[in-house]
2 protein chains.
Amino acid sequence: MPSLDEFGRIRLWTEGRQTADFLARAGVALGIGDDAAIVSGEGPGREWLIAADTMVEQVHFLDETMGEADVGYKALAVNVSDIAAMGGEPKFALVSVCVPPAWNEERMRRLYDGLYECAERYGVAVIGGDTTSAPQDLVVAVTVIGTVEAGRAIRRSGARPGQAVFLTGPTGLSAAGLHALQRIAAAEGAERDRLAALLPPRLAQAHRRPVPSVKAGRILAGTGWGASLNDVSDGVASEAWELAEASGVRLALKEKLLPLSGELSAYAGGNGLRATDLALFGGEDYVLLGTADKSCEQELRERLRAEGIPLFVIGEVEEGPPGVELEEADTGLRKPLAKRGYNHFAEGAV
Amino acid sequence: MPSLDEFGRIRLWTEGRQTADFLARAGVALGIGDDAAIVSGEGPGREWLIAADTMVEQVHFLDETMGEADVGYKALAVNVSDIAAMGGEPKFALVSVCVPPAWNEERMRRLYDGLYECAERYGVAVIGGDTTSAPQDLVVAVTVIGTVEAGRAIRRSGARPGQAVFLTGPTGLSAAGLHALQRIAAAEGAERDRLAALLPPRLAQAHRRPVPSVKAGRILAGTGWGASLNDVSDGVASEAWELAEASGVRLALKEKLLPLSGELSAYAGGNGLRATDLALFGGEDYVLLGTADKSCEQELRERLRAEGIPLFVIGEVEEGPPGVELEEADTGLRKPLAKRGYNHFAEGAV
């Protein structure tokens, strides 16, 4: 393949991926190819939500655990999830890639295949970014821009005593998937093949192709019932601590109310892991953790169910110094829940 | 210093840097610290400009050529320049950093010192970003958001035959500065000290602390006189080719009209370099290259001069297949101008 300059590469990866009609309807006056993109403003009744999230090779993924298309898909999905966690609607994305020699044009094209697959699923217009070389490790830095009805964005700081604490789906699946993928990567020969054949597809999928909770976020913001909200990127414990500290309240969770999927329990049981630990401390599930007035609980459950989204109440908000406690299932004792989670600085690689 | 998690680090680097009053006046309803920032929309008479630009250690800078604060300053300045190149007003920035072990908290704090110095100079509210670890090289990925009067953004595609081609300042200084800094970095002992003592401050400054041309861009967009526009990030030749190809025209430049600063000529002469080559092919000057109807030239010159900004007409736009030609100063011959410039993929490191 001929050596291409930066513009040639960007064209190769992005051109023709989204139609002029789609971009125009999305409000894009000028997309990829100039110094900046131009997008039209929204009416006075809306605000903009803007977030950025980066994936780094060796830190967030390895060749052995993620395909190229998975990397692209997930890099956008985790950003869309940040908009979902505010109750917003994702609209635009900018994608900056730092490309090391090992990522040739074909691998990068597959990365963009995955990224655009995610963009199409969530109606996101890719309007710009940057492409540079990198000495060693791939970096995909995405910025996403969404909108929300003015004043309706759901912040971390809105939790109040008496509210219910909820999750919009089970957690721990992505962490279990990563555990399984890392075991396969570390094995060799026949053992590797054996482990790969046993890989539970739903767990691998949860790690590689996370599902941002846009619909759930829109319902929570649109109805006004969502009082505080986070996406579970760093694990339930870590996200619960964020809500507690931002809101100045205590979250009292019950272990027996945690939604544990059958796949998670089976995998944990077969591999000497505690499903509850994965559900509390494993990250990257991208369901929503939030709080809502108990008076809204039944109506909220019905609205979500109509969209195929479950609602799991896992505890309640109490007064008190900021913190998170967990009532153990077997002892009935309440204990402080460790603040640890999926933190890149604290834990190091992957 | 105690080990800090991601949130601790972000707080250390960003907290208290910009006042609540400044952020509120900038339209920031919610800044750093939640899943996404919230900013209010502009009136219906304005559009948004959004751009992203990334700096990578080893590729865009070395420890020997840039201080930490320079890296932060420049990472934001080159993004502000993209908004200037559309004629817009920069408003918000998101800063994502991938931090390798060699960049400790103190070095990162100096990087943010420089970044916020630039933000203050251009009135940019830093509203978010992301922080991750990195295996080896620092990456600073910035997204900047600006606004412009609806329909007034100046695109690359607006050059028309008969227009004048202009620059808003001399070029080649940053490339000469980089050349000087690299020679110092490669030297040792007394020779290194000797070269450092001879380093022309304006050239080093041009490389380390580029000046985005926001005022010039605002005048060109506000008056409607700017027909096409680029910032000189990849060199005059490369940017002229971009205007020519996007507009479907030929740009005929004259070597004798190129603005060469005294510092550039002196440095080039003393180091066996051609000042013209640096001015045409050296990148990262961040003055503006554009085209405008000749009927506006005098008024435009006066409007810019009132702000202390020069206007150098360096050629004109002609019909013909897209391309760029240069009339040589010594021979008077017109020759095709090479498309090469400061391209990270084509040239490799720095």
# chains A, B, ... in the order shown; residues from 1 in each chain; ligands from 1
$ residues_around --residues "B:Ile154" --least-positions-apart "5" --cutoff "6 Å" --atoms "only C-alpha atoms" --output "PyMOL selection string"
chain B and resi 86-87+228-229
$ residues_around --residues "stretch 272-286 of chain B" --least-positions-apart "5" --cutoff "10 Å" --atoms "only C-alpha atoms" --output "PyMOL selection string"
chain B and resi 77-78+80-82+84-85+168-176+178+206-214+230-240+255-256+258-267+337-343
$ residues_around --residues "stretch 97-112 of chain B" --least-positions-apart "5" --cutoff "8 Å" --atoms "only C-alpha atoms" --output "list in words"
Val56 of chain A; Arg9, Leu12, Trp13, Thr14, Glu68, Ala69, Asp70, Val71, Gly72, Tyr73, Gly129, Asp130, Thr131, Thr132, Ser133, Ala134, Pro135, Gln136, Asp137, Leu138, Val139, Val140 and Ala141 of chain B
$ interface_residues --of "chain B" --to "chain A" --cutoff "6 Å" --atoms "only C-alpha atoms" --output "list in words"
Asp5, Asp35, Ala36, Ala37, Ile38, Val39, Ser40, Gly41, Glu47, Trp48, Leu49, Ile50, Ala51, Ala52, Asp53, Asp82, Gly129, Asp130, Phe345 and Ala346 of chain B
$ write_last_selection --atoms "N, CA and C atoms" --output "mmCIF file, in the first residue's frame"
data_model
loop_
_atom_site.group_PDB
_atom_site.id
_atom_site.type_symbol
_atom_site.label_atom_id
_atom_site.label_comp_id
_atom_site.auth_asym_id
_atom_site.auth_seq_id
_atom_site.Cartn_x
_atom_site.Cartn_y
_atom_site.Cartn_z
ATOM 1 N N ASP B 5 -5.227 8.901 43.402
ATOM 2 C CA ASP B 5 -5.981 8.267 42.334
ATOM 3 C C ASP B 5 -6.286 9.310 41.259
ATOM 4 N N ASP B 35 -19.743 13.356 34.890
ATOM 5 C CA ASP B 35 -19.533 12.550 33.685
ATOM 6 C C ASP B 35 -19.294 13.424 32.463
ATOM 7 N N ALA B 36 -19.970 14.563 32.401
ATOM 8 C CA ALA B 36 -19.818 15.487 31.276
ATOM 9 C C ALA B 36 -19.972 16.905 31.807
ATOM 10 N N ALA B 37 -19.427 17.858 31.081
ATOM 11 C CA ALA B 37 -19.657 19.263 31.409
ATOM 12 C C ALA B 37 -20.988 19.698 30.805
ATOM 13 N N ILE B 38 -21.571 20.741 31.391
ATOM 14 C CA ILE B 38 -22.810 21.308 30.852
ATOM 15 C C ILE B 38 -22.539 22.762 30.486
ATOM 16 N N VAL B 39 -22.782 23.131 29.243
ATOM 17 C CA VAL B 39 -22.633 24.532 28.842
ATOM 18 C C VAL B 39 -23.913 24.989 28.177
ATOM 19 N N SER B 40 -24.223 26.275 28.344
ATOM 20 C CA SER B 40 -25.458 26.761 27.743
ATOM 21 C C SER B 40 -25.242 27.050 26.268
ATOM 22 N N GLY B 41 -26.324 26.914 25.515
ATOM 23 C CA GLY B 41 -26.271 27.183 24.093
ATOM 24 C C GLY B 41 -26.159 28.671 23.829
ATOM 25 N N GLU B 47 -23.073 29.777 15.341
ATOM 26 C CA GLU B 47 -22.780 28.366 15.172
ATOM 27 C C GLU B 47 -21.611 27.995 16.075
ATOM 28 N N TRP B 48 -21.427 26.677 16.277
ATOM 29 C CA TRP B 48 -20.323 26.171 17.072
ATOM 30 C C TRP B 48 -19.207 25.667 16.158
ATOM 31 N N LEU B 49 -17.982 25.915 16.588
ATOM 32 C CA LEU B 49 -16.803 25.379 15.903
ATOM 33 C C LEU B 49 -16.127 24.408 16.863
ATOM 34 N N ILE B 50 -15.763 23.236 16.373
ATOM 35 C CA ILE B 50 -15.197 22.215 17.244
ATOM 36 C C ILE B 50 -13.987 21.594 16.563
ATOM 37 N N ALA B 51 -12.872 21.539 17.281
ATOM 38 C CA ALA B 51 -11.640 21.004 16.684
ATOM 39 C C ALA B 51 -10.855 20.241 17.738
ATOM 40 N N ALA B 52 -9.992 19.341 17.295
ATOM 41 C CA ALA B 52 -9.166 18.554 18.209
ATOM 42 C C ALA B 52 -7.763 18.450 17.654
ATOM 43 N N ASP B 53 -6.787 18.543 18.524
ATOM 44 C CA ASP B 53 -5.384 18.467 18.112
ATOM 45 C C ASP B 53 -4.592 17.868 19.270
ATOM 46 N N ASP B 82 -6.867 26.584 15.637
ATOM 47 C CA ASP B 82 -7.843 26.001 14.707
ATOM 48 C C ASP B 82 -9.150 26.789 14.705
ATOM 49 N N GLY B 129 -12.184 16.662 30.502
ATOM 50 C CA GLY B 129 -11.117 15.892 29.902
ATOM 51 C C GLY B 129 -11.032 14.526 30.534
ATOM 52 N N ASP B 130 -9.858 13.935 30.467
ATOM 53 C CA ASP B 130 -9.668 12.592 30.977
ATOM 54 C C ASP B 130 -8.207 12.430 31.359
ATOM 55 N N PHE B 345 3.486 11.983 9.553
ATOM 56 C CA PHE B 345 3.634 10.649 8.988
ATOM 57 C C PHE B 345 4.743 10.608 7.955
ATOM 58 N N ALA B 346 4.840 11.657 7.134
ATOM 59 C CA ALA B 346 5.822 11.631 6.063
ATOM 60 C C ALA B 346 7.236 11.807 6.601
#
$ residues_around --residues "B:Ala306" --least-positions-apart "6" --cutoff "12 Å" --atoms "only C-alpha atoms" --output "PyMOL selection string"
chain B and resi 215-216+219+299-300
$ select_by_dssp --residues "stretch 3-67 of chain A" --states "strand (DSSP E)" --output "list in words"
Val28, Ala29, Leu30, Ala37, Ile38, Val39, Ser40, Arg46, Glu47, Trp48, Leu49, Ile50, Ala51, Ala52, Asp53, Thr54, Met55 and Val56 of chain A
$ write_last_selection --atoms "N, CA and C atoms" --output "PDB file, in the first residue's frame"
ATOM      1  N   VAL A  28     -24.789  19.189  11.191  1.00  0.00           N
ATOM      2  CA  VAL A  28     -23.383  19.415  10.840  1.00  0.00           C
ATOM      3  C   VAL A  28     -23.312  20.259   9.568  1.00  0.00           C
ATOM      4  N   ALA A  29     -22.864  21.504   9.691  1.00  0.00           N
ATOM      5  CA  ALA A  29     -22.711  22.355   8.517  1.00  0.00           C
ATOM      6  C   ALA A  29     -21.415  22.031   7.788  1.00  0.00           C
ATOM      7  N   LEU A  30     -20.403  21.597   8.533  1.00  0.00           N
ATOM      8  CA  LEU A  30     -19.109  21.246   7.936  1.00  0.00           C
ATOM      9  C   LEU A  30     -18.463  20.188   8.821  1.00  0.00           C
ATOM     10  N   ALA A  37     -14.814  21.700  12.734  1.00  0.00           N
ATOM     11  CA  ALA A  37     -16.159  21.399  12.243  1.00  0.00           C
ATOM     12  C   ALA A  37     -17.088  22.544  12.621  1.00  0.00           C
ATOM     13  N   ILE A  38     -18.173  22.688  11.870  1.00  0.00           N
ATOM     14  CA  ILE A  38     -19.190  23.699  12.172  1.00  0.00           C
ATOM     15  C   ILE A  38     -20.502  22.965  12.427  1.00  0.00           C
ATOM     16  N   VAL A  39     -21.101  23.202  13.595  1.00  0.00           N
ATOM     17  CA  VAL A  39     -22.412  22.618  13.868  1.00  0.00           C
ATOM     18  C   VAL A  39     -23.364  23.715  14.304  1.00  0.00           C
ATOM     19  N   SER A  40     -24.637  23.535  13.961  1.00  0.00           N
ATOM     20  CA  SER A  40     -25.593  24.575  14.325  1.00  0.00           C
ATOM     21  C   SER A  40     -26.000  24.430  15.778  1.00  0.00           C
ATOM     22  N   ARG A  46     -32.313  24.102  25.252  1.00  0.00           N
ATOM     23  CA  ARG A  46     -31.415  22.960  25.431  1.00  0.00           C
ATOM     24  C   ARG A  46     -30.021  23.407  25.854  1.00  0.00           C
ATOM     25  N   GLU A  47     -29.334  22.522  26.566  1.00  0.00           N
ATOM     26  CA  GLU A  47     -27.934  22.740  26.919  1.00  0.00           C
ATOM     27  C   GLU A  47     -27.081  21.687  26.229  1.00  0.00           C
ATOM     28  N   TRP A  48     -25.765  21.962  26.210  1.00  0.00           N
ATOM     29  CA  TRP A  48     -24.816  21.016  25.621  1.00  0.00           C
ATOM     30  C   TRP A  48     -24.110  20.250  26.726  1.00  0.00           C
ATOM     31  N   LEU A  49     -23.871  18.987  26.445  1.00  0.00           N
ATOM     32  CA  LEU A  49     -23.080  18.133  27.331  1.00  0.00           C
ATOM     33  C   LEU A  49     -21.812  17.744  26.585  1.00  0.00           C
ATOM     34  N   ILE A  50     -20.668  17.857  27.240  1.00  0.00           N
ATOM     35  CA  ILE A  50     -19.408  17.592  26.550  1.00  0.00           C
ATOM     36  C   ILE A  50     -18.525  16.744  27.451  1.00  0.00           C
ATOM     37  N   ALA A  51     -17.996  15.655  26.904  1.00  0.00           N
ATOM     38  CA  ALA A  51     -17.171  14.748  27.710  1.00  0.00           C
ATOM     39  C   ALA A  51     -16.050  14.179  26.856  1.00  0.00           C
ATOM     40  N   ALA A  52     -14.990  13.740  27.493  1.00  0.00           N
ATOM     41  CA  ALA A  52     -13.851  13.147  26.783  1.00  0.00           C
ATOM     42  C   ALA A  52     -13.377  11.926  27.545  1.00  0.00           C
ATOM     43  N   ASP A  53     -13.010  10.892  26.810  1.00  0.00           N
ATOM     44  CA  ASP A  53     -12.541   9.651  27.426  1.00  0.00           C
ATOM     45  C   ASP A  53     -11.552   9.006  26.460  1.00  0.00           C
ATOM     46  N   THR A  54     -10.477   8.477  27.013  1.00  0.00           N
ATOM     47  CA  THR A  54      -9.355   8.014  26.197  1.00  0.00           C
ATOM     48  C   THR A  54      -9.078   6.540  26.449  1.00  0.00           C
ATOM     49  N   MET A  55      -8.725   5.809  25.398  1.00  0.00           N
ATOM     50  CA  MET A  55      -8.276   4.423  25.557  1.00  0.00           C
ATOM     51  C   MET A  55      -6.819   4.308  25.115  1.00  0.00           C
ATOM     52  N   VAL A  56      -6.014   3.666  25.946  1.00  0.00           N
ATOM     53  CA  VAL A  56      -4.578   3.539  25.696  1.00  0.00           C
ATOM     54  C   VAL A  56      -4.207   2.059  25.654  1.00  0.00           C
TER      55      VAL A  56
END
$ decode --residues "stretch 265-295 of chain A" --atoms "N, CA and C atoms" --output "PDB file, in the first residue's frame"
ATOM      1  N   SER A 265     -22.415 -15.598  37.930  1.00  0.00           N
ATOM      2  CA  SER A 265     -22.323 -16.523  39.058  1.00  0.00           C
ATOM      3  C   SER A 265     -21.642 -17.819  38.641  1.00  0.00           C
ATOM      4  N   ALA A 266     -21.996 -18.317  37.454  1.00  0.00           N
ATOM      5  CA  ALA A 266     -21.401 -19.566  36.984  1.00  0.00           C
ATOM      6  C   ALA A 266     -19.894 -19.391  36.764  1.00  0.00           C
ATOM      7  N   TYR A 267     -19.514 -18.286  36.117  1.00  0.00           N
ATOM      8  CA  TYR A 267     -18.092 -18.072  35.848  1.00  0.00           C
ATOM      9  C   TYR A 267     -17.321 -17.892  37.147  1.00  0.00           C
ATOM     10  N   ALA A 268     -17.875 -17.082  38.058  1.00  0.00           N
ATOM     11  CA  ALA A 268     -17.191 -16.833  39.329  1.00  0.00           C
ATOM     12  C   ALA A 268     -17.035 -18.149  40.094  1.00  0.00           C
ATOM     13  N   GLY A 269     -18.120 -18.919  40.185  1.00  0.00           N
ATOM     14  CA  GLY A 269     -18.083 -20.185  40.909  1.00  0.00           C
ATOM     15  C   GLY A 269     -17.067 -21.159  40.336  1.00  0.00           C
ATOM     16  N   GLY A 270     -16.967 -21.181  39.017  1.00  0.00           N
ATOM     17  CA  GLY A 270     -16.049 -22.117  38.372  1.00  0.00           C
ATOM     18  C   GLY A 270     -14.609 -21.674  38.390  1.00  0.00           C
ATOM     19  N   ASN A 271     -14.352 -20.450  38.861  1.00  0.00           N
ATOM     20  CA  ASN A 271     -12.988 -19.927  38.795  1.00  0.00           C
ATOM     21  C   ASN A 271     -12.505 -19.350  40.124  1.00  0.00           C
ATOM     22  N   GLY A 272     -13.163 -19.759  41.191  1.00  0.00           N
ATOM     23  CA  GLY A 272     -12.704 -19.349  42.517  1.00  0.00           C
ATOM     24  C   GLY A 272     -12.824 -17.862  42.783  1.00  0.00           C
ATOM     25  N   LEU A 273     -13.798 -17.217  42.127  1.00  0.00           N
ATOM     26  CA  LEU A 273     -14.001 -15.779  42.348  1.00  0.00           C
ATOM     27  C   LEU A 273     -15.334 -15.567  43.067  1.00  0.00           C
ATOM     28  N   ARG A 274     -15.471 -14.419  43.759  1.00  0.00           N
ATOM     29  CA  ARG A 274     -16.760 -14.086  44.360  1.00  0.00           C
ATOM     30  C   ARG A 274     -17.536 -13.206  43.393  1.00  0.00           C
ATOM     31  N   ALA A 275     -18.716 -13.670  42.985  1.00  0.00           N
ATOM     32  CA  ALA A 275     -19.524 -12.899  42.042  1.00  0.00           C
ATOM     33  C   ALA A 275     -19.817 -11.502  42.592  1.00  0.00           C
ATOM     34  N   THR A 276     -20.040 -11.422  43.906  1.00  0.00           N
ATOM     35  CA  THR A 276     -20.351 -10.125  44.509  1.00  0.00           C
ATOM     36  C   THR A 276     -19.184  -9.149  44.366  1.00  0.00           C
ATOM     37  N   ASP A 277     -17.961  -9.652  44.509  1.00  0.00           N
ATOM     38  CA  ASP A 277     -16.800  -8.769  44.342  1.00  0.00           C
ATOM     39  C   ASP A 277     -16.729  -8.226  42.920  1.00  0.00           C
ATOM     40  N   LEU A 278     -16.943  -9.099  41.957  1.00  0.00           N
ATOM     41  CA  LEU A 278     -16.919  -8.641  40.566  1.00  0.00           C
ATOM     42  C   LEU A 278     -18.031  -7.616  40.345  1.00  0.00           C
ATOM     43  N   ALA A 279     -19.207  -7.863  40.910  1.00  0.00           N
ATOM     44  CA  ALA A 279     -20.343  -6.956  40.705  1.00  0.00           C
ATOM     45  C   ALA A 279     -20.115  -5.604  41.378  1.00  0.00           C
ATOM     46  N   LEU A 280     -19.388  -5.595  42.499  1.00  0.00           N
ATOM     47  CA  LEU A 280     -19.178  -4.338  43.233  1.00  0.00           C
ATOM     48  C   LEU A 280     -17.932  -3.574  42.772  1.00  0.00           C
ATOM     49  N   PHE A 281     -16.882  -4.316  42.424  1.00  0.00           N
ATOM     50  CA  PHE A 281     -15.591  -3.656  42.175  1.00  0.00           C
ATOM     51  C   PHE A 281     -15.113  -3.760  40.720  1.00  0.00           C
ATOM     52  N   GLY A 282     -15.772  -4.611  39.932  1.00  0.00           N
ATOM     53  CA  GLY A 282     -15.399  -4.705  38.516  1.00  0.00           C
ATOM     54  C   GLY A 282     -15.970  -3.518  37.769  1.00  0.00           C
ATOM     55  N   GLY A 283     -15.241  -2.975  36.851  1.00  0.00           N
ATOM     56  CA  GLY A 283     -15.724  -1.782  36.156  1.00  0.00           C
ATOM     57  C   GLY A 283     -16.214  -2.081  34.752  1.00  0.00           C
ATOM     58  N   GLU A 284     -16.519  -1.024  34.040  1.00  0.00           N
ATOM     59  CA  GLU A 284     -16.826  -1.063  32.611  1.00  0.00           C
ATOM     60  C   GLU A 284     -18.112  -1.809  32.262  1.00  0.00           C
ATOM     61  N   ASP A 285     -19.106  -1.684  33.135  1.00  0.00           N
ATOM     62  CA  ASP A 285     -20.392  -2.293  32.771  1.00  0.00           C
ATOM     63  C   ASP A 285     -21.310  -1.315  32.049  1.00  0.00           C
ATOM     64  N   TYR A 286     -21.183  -0.018  32.361  1.00  0.00           N
ATOM     65  CA  TYR A 286     -21.900   1.049  31.662  1.00  0.00           C
ATOM     66  C   TYR A 286     -23.415   0.991  31.803  1.00  0.00           C
ATOM     67  N   VAL A 287     -23.919   0.200  32.791  1.00  0.00           N
ATOM     68  CA  VAL A 287     -25.300   0.434  33.212  1.00  0.00           C
ATOM     69  C   VAL A 287     -25.276   1.702  34.065  1.00  0.00           C
ATOM     70  N   LEU A 288     -26.443   2.176  34.496  1.00  0.00           N
ATOM     71  CA  LEU A 288     -26.496   3.406  35.280  1.00  0.00           C
ATOM     72  C   LEU A 288     -26.746   3.103  36.752  1.00  0.00           C
ATOM     73  N   LEU A 289     -26.025   3.831  37.595  1.00  0.00           N
ATOM     74  CA  LEU A 289     -26.258   3.802  39.044  1.00  0.00           C
ATOM     75  C   LEU A 289     -26.782   5.181  39.418  1.00  0.00           C
ATOM     76  N   GLY A 290     -27.921   5.218  40.098  1.00  0.00           N
ATOM     77  CA  GLY A 290     -28.472   6.533  40.422  1.00  0.00           C
ATOM     78  C   GLY A 290     -29.383   6.463  41.626  1.00  0.00           C
ATOM     79  N   THR A 291     -29.983   7.597  41.918  1.00  0.00           N
ATOM     80  CA  THR A 291     -30.960   7.656  42.998  1.00  0.00           C
ATOM     81  C   THR A 291     -32.214   8.367  42.494  1.00  0.00           C
ATOM     82  N   ALA A 292     -33.343   7.991  43.085  1.00  0.00           N
ATOM     83  CA  ALA A 292     -34.628   8.589  42.702  1.00  0.00           C
ATOM     84  C   ALA A 292     -35.549   8.559  43.913  1.00  0.00           C
ATOM     85  N   ASP A 293     -36.462   9.518  43.983  1.00  0.00           N
ATOM     86  CA  ASP A 293     -37.441   9.500  45.071  1.00  0.00           C
ATOM     87  C   ASP A 293     -38.227   8.195  45.029  1.00  0.00           C
ATOM     88  N   LYS A 294     -38.480   7.618  46.208  1.00  0.00           N
ATOM     89  CA  LYS A 294     -39.196   6.337  46.238  1.00  0.00           C
ATOM     90  C   LYS A 294     -40.603   6.458  45.669  1.00  0.00           C
ATOM     91  N   SER A 295     -41.178   7.669  45.741  1.00  0.00           N
ATOM     92  CA  SER A 295     -42.534   7.856  45.218  1.00  0.00           C
ATOM     93  C   SER A 295     -42.591   7.644  43.702  1.00  0.00           C
TER      94      SER A 295
END
